[in-house]
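Just below is one structure, and these are the notes that go with it.
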Amino acid sequence: MSYEIVEAMLARRGVQIDAIAEIVYRLQKGYHPELTMDDCVTSVKSVLQKREVQYTLYTGIALDELAEKKLLPQPLQAIMEADESLYGVDETLALGITHVYGMIGLTSFGYLDKEKIGVIHDLNEQRSAVHVFLDDLVAGLAAAASARIAHKNIKAKKYPSDL
């Protein structure tokens, strides 16, 4: 896998890097007044460079596409078509992405999973395609990219050490 392949897969499913970066910007702007959209795009691209993230996206997108083609065994096919609220495997997969940058990624993911802002909302509401996994994977990407920015904040308070 490579970054370019994953970016093309996302685009094929209607997700642009800029749309994910917009979510990252909304999450971090209040903490970083100097933050730019370019910073957010860079952060999303950096997260997408990680092979484990690429593999996670490949898996989730493939399951969504197989469900659209009605190629999954029952009862999984019916669960995917209904976007069953207790399924949870989609969130579990996305959490793998959020953990790349620690607990702040997890809390941001929880917020995004509940609020479904931006392209996450659009994917969740689209009925012409199956996005059981993709909406959560995009939330995971945005949460991880946001956490990456938080971890790199040079204005973070420094605490004295006894060492």
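Residue names in the structure tokens use chain letters A, B, ... in the order shown, residue numbers from 1 in each chain, and ligand numbers from 1 in the order shown.
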
Within 12 Å of A:Glu4, counting only C-alpha atoms, which residues show up once you throw out same-chain ones fewer than 5 positions away? Write them as a ChimeraX atom specification, please. /A:9-11,17,45,48-49,54

Print the selection's residues with N, CA, C and O atoms to a file, as a PDB file, in the first residue's frame.
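out35.pdb written:
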```pdb
ATOM      1  N   MET A   9      -8.442   5.709  -2.951  1.00  0.00           N
ATOM      2  CA  MET A   9      -9.571   4.942  -2.424  1.00  0.00           C
ATOM      3  C   MET A   9     -10.558   5.868  -1.725  1.00  0.00           C
ATOM      4  O   MET A   9     -11.777   5.745  -1.920  1.00  0.00           O
ATOM      5  N   LEU A  10     -10.047   6.765  -0.912  1.00  0.00           N
ATOM      6  CA  LEU A  10     -10.919   7.716  -0.224  1.00  0.00           C
ATOM      7  C   LEU A  10     -11.667   8.586  -1.225  1.00  0.00           C
ATOM      8  O   LEU A  10     -12.886   8.781  -1.114  1.00  0.00           O
ATOM      9  N   ALA A  11     -10.963   9.091  -2.223  1.00  0.00           N
ATOM     10  CA  ALA A  11     -11.584   9.942  -3.240  1.00  0.00           C
ATOM     11  C   ALA A  11     -12.669   9.184  -3.995  1.00  0.00           C
ATOM     12  O   ALA A  11     -13.738   9.742  -4.272  1.00  0.00           O
ATOM     13  N   ILE A  17      -9.097  14.755   1.110  1.00  0.00           N
ATOM     14  CA  ILE A  17      -8.206  15.066   2.228  1.00  0.00           C
ATOM     15  C   ILE A  17      -8.606  16.404   2.852  1.00  0.00           C
ATOM     16  O   ILE A  17      -8.620  16.551   4.082  1.00  0.00           O
ATOM     17  N   LYS A  45      -2.314  13.976   6.060  1.00  0.00           N
ATOM     18  CA  LYS A  45      -1.416  13.234   5.168  1.00  0.00           C
ATOM     19  C   LYS A  45      -0.375  12.448   5.960  1.00  0.00           C
ATOM     20  O   LYS A  45      -0.019  11.325   5.584  1.00  0.00           O
ATOM     21  N   LEU A  48      -1.982   9.390   7.269  1.00  0.00           N
ATOM     22  CA  LEU A  48      -2.198   8.454   6.159  1.00  0.00           C
ATOM     23  C   LEU A  48      -0.919   7.783   5.669  1.00  0.00           C
ATOM     24  O   LEU A  48      -0.978   6.795   4.943  1.00  0.00           O
ATOM     25  N   GLN A  49       0.236   8.300   6.051  1.00  0.00           N
ATOM     26  CA  GLN A  49       1.510   7.680   5.685  1.00  0.00           C
ATOM     27  C   GLN A  49       1.772   6.407   6.481  1.00  0.00           C
ATOM     28  O   GLN A  49       2.597   5.588   6.087  1.00  0.00           O
ATOM     29  N   GLN A  54      -3.180   2.707   6.742  1.00  0.00           N
ATOM     30  CA  GLN A  54      -3.524   2.304   5.377  1.00  0.00           C
ATOM     31  C   GLN A  54      -4.225   0.948   5.367  1.00  0.00           C
ATOM     32  O   GLN A  54      -5.254   0.773   4.698  1.00  0.00           O
TER      33      GLN A  54
END
```

Write out as a PyMOL selection string which residues come within 7 Å of stretch 83-91 of chain A when counting only C-alpha atoms, dropping same-chain ones fewer than 6 positions away. chain A and resi 132-133+136

If you run DSSP on the backbone here, which positions in stretch 2-73 of chain A get alpha helix (DSSP H)? Please write them as an NGL selection string. :A and (3-12 or 17-28 or 37-48 or 51-68)

Compile a residue-level contact table for stretch 45-140 of chain A against stretch 18-41 of chain A at a cut-off of 9 Å, reporting for every qualifying residue the shortest atom pair and its distance in Å to one decimal, with only C-alpha atoms counted, rows ordered by chain and ascending number, as JSON lines.
```
{"residue": "A:Lys45", "atom": "CA", "partner": "A:Val41", "partner_atom": "CA", "distance": 6.2}
{"residue": "A:Ser46", "atom": "CA", "partner": "A:Val41", "partner_atom": "CA", "distance": 8.5}
{"residue": "A:Ser108", "atom": "CA", "partner": "A:Leu27", "partner_atom": "CA", "distance": 7.8}
{"residue": "A:Leu112", "atom": "CA", "partner": "A:Ile23", "partner_atom": "CA", "distance": 8.9}
{"residue": "A:Ile117", "atom": "CA", "partner": "A:Ile23", "partner_atom": "CA", "distance": 7.2}
{"residue": "A:Gly118", "atom": "CA", "partner": "A:Ile23", "partner_atom": "CA", "distance": 6.5}
{"residue": "A:Val119", "atom": "CA", "partner": "A:Ala19", "partner_atom": "CA", "distance": 6.2}
{"residue": "A:Ile120", "atom": "CA", "partner": "A:Ile20", "partner_atom": "CA", "distance": 8.6}
{"residue": "A:Val138", "atom": "CA", "partner": "A:Ile20", "partner_atom": "CA", "distance": 7.0}
{"residue": "A:Ala139", "atom": "CA", "partner": "A:Ile20", "partner_atom": "CA", "distance": 8.2}
```

Smallest atom-to-atom distance to A:Lys114: which of A:Asp135, A:Ala62, A:Leu93, A:Val100, using only C-alpha atoms? A:Asp135

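Computed from the coordinates, the atom CA of A:Gln126 to atom CA of A:Gly140 distance equals 18.8 Å.
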
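The spacing separating atom CA of A:Glu81 from atom CA of A:Asn124 amounts to 12.5 Å.
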
Between atom CA of A:Ala145 and atom CA of A:Ala8 lies a distance of 18.6 Å

Counting only C-alpha atoms, what is within 7 Å of A:Ala143, bar same-chain residues fewer than 5 positions away, as number ranges by chain? A: 98, 105, 108-109

Pull N, CA and C atoms from the residues just selected and write them as a PDB file, in the first residue's frame.
```pdb
ATOM      1  N   THR A  98      -7.126   5.885  15.860  1.00  0.00           N
ATOM      2  CA  THR A  98      -7.037   6.934  16.880  1.00  0.00           C
ATOM      3  C   THR A  98      -5.918   6.665  17.867  1.00  0.00           C
ATOM      4  N   GLY A 105      -6.690  11.319  20.919  1.00  0.00           N
ATOM      5  CA  GLY A 105      -7.327  10.817  19.711  1.00  0.00           C
ATOM      6  C   GLY A 105      -8.607  10.056  20.026  1.00  0.00           C
ATOM      7  N   SER A 108     -11.360  12.591  21.023  1.00  0.00           N
ATOM      8  CA  SER A 108     -11.825  13.299  19.823  1.00  0.00           C
ATOM      9  C   SER A 108     -12.675  12.390  18.950  1.00  0.00           C
ATOM     10  N   PHE A 109     -12.291  11.127  18.854  1.00  0.00           N
ATOM     11  CA  PHE A 109     -13.092  10.178  18.073  1.00  0.00           C
ATOM     12  C   PHE A 109     -14.488  10.035  18.672  1.00  0.00           C
TER      13      PHE A 109
END
```
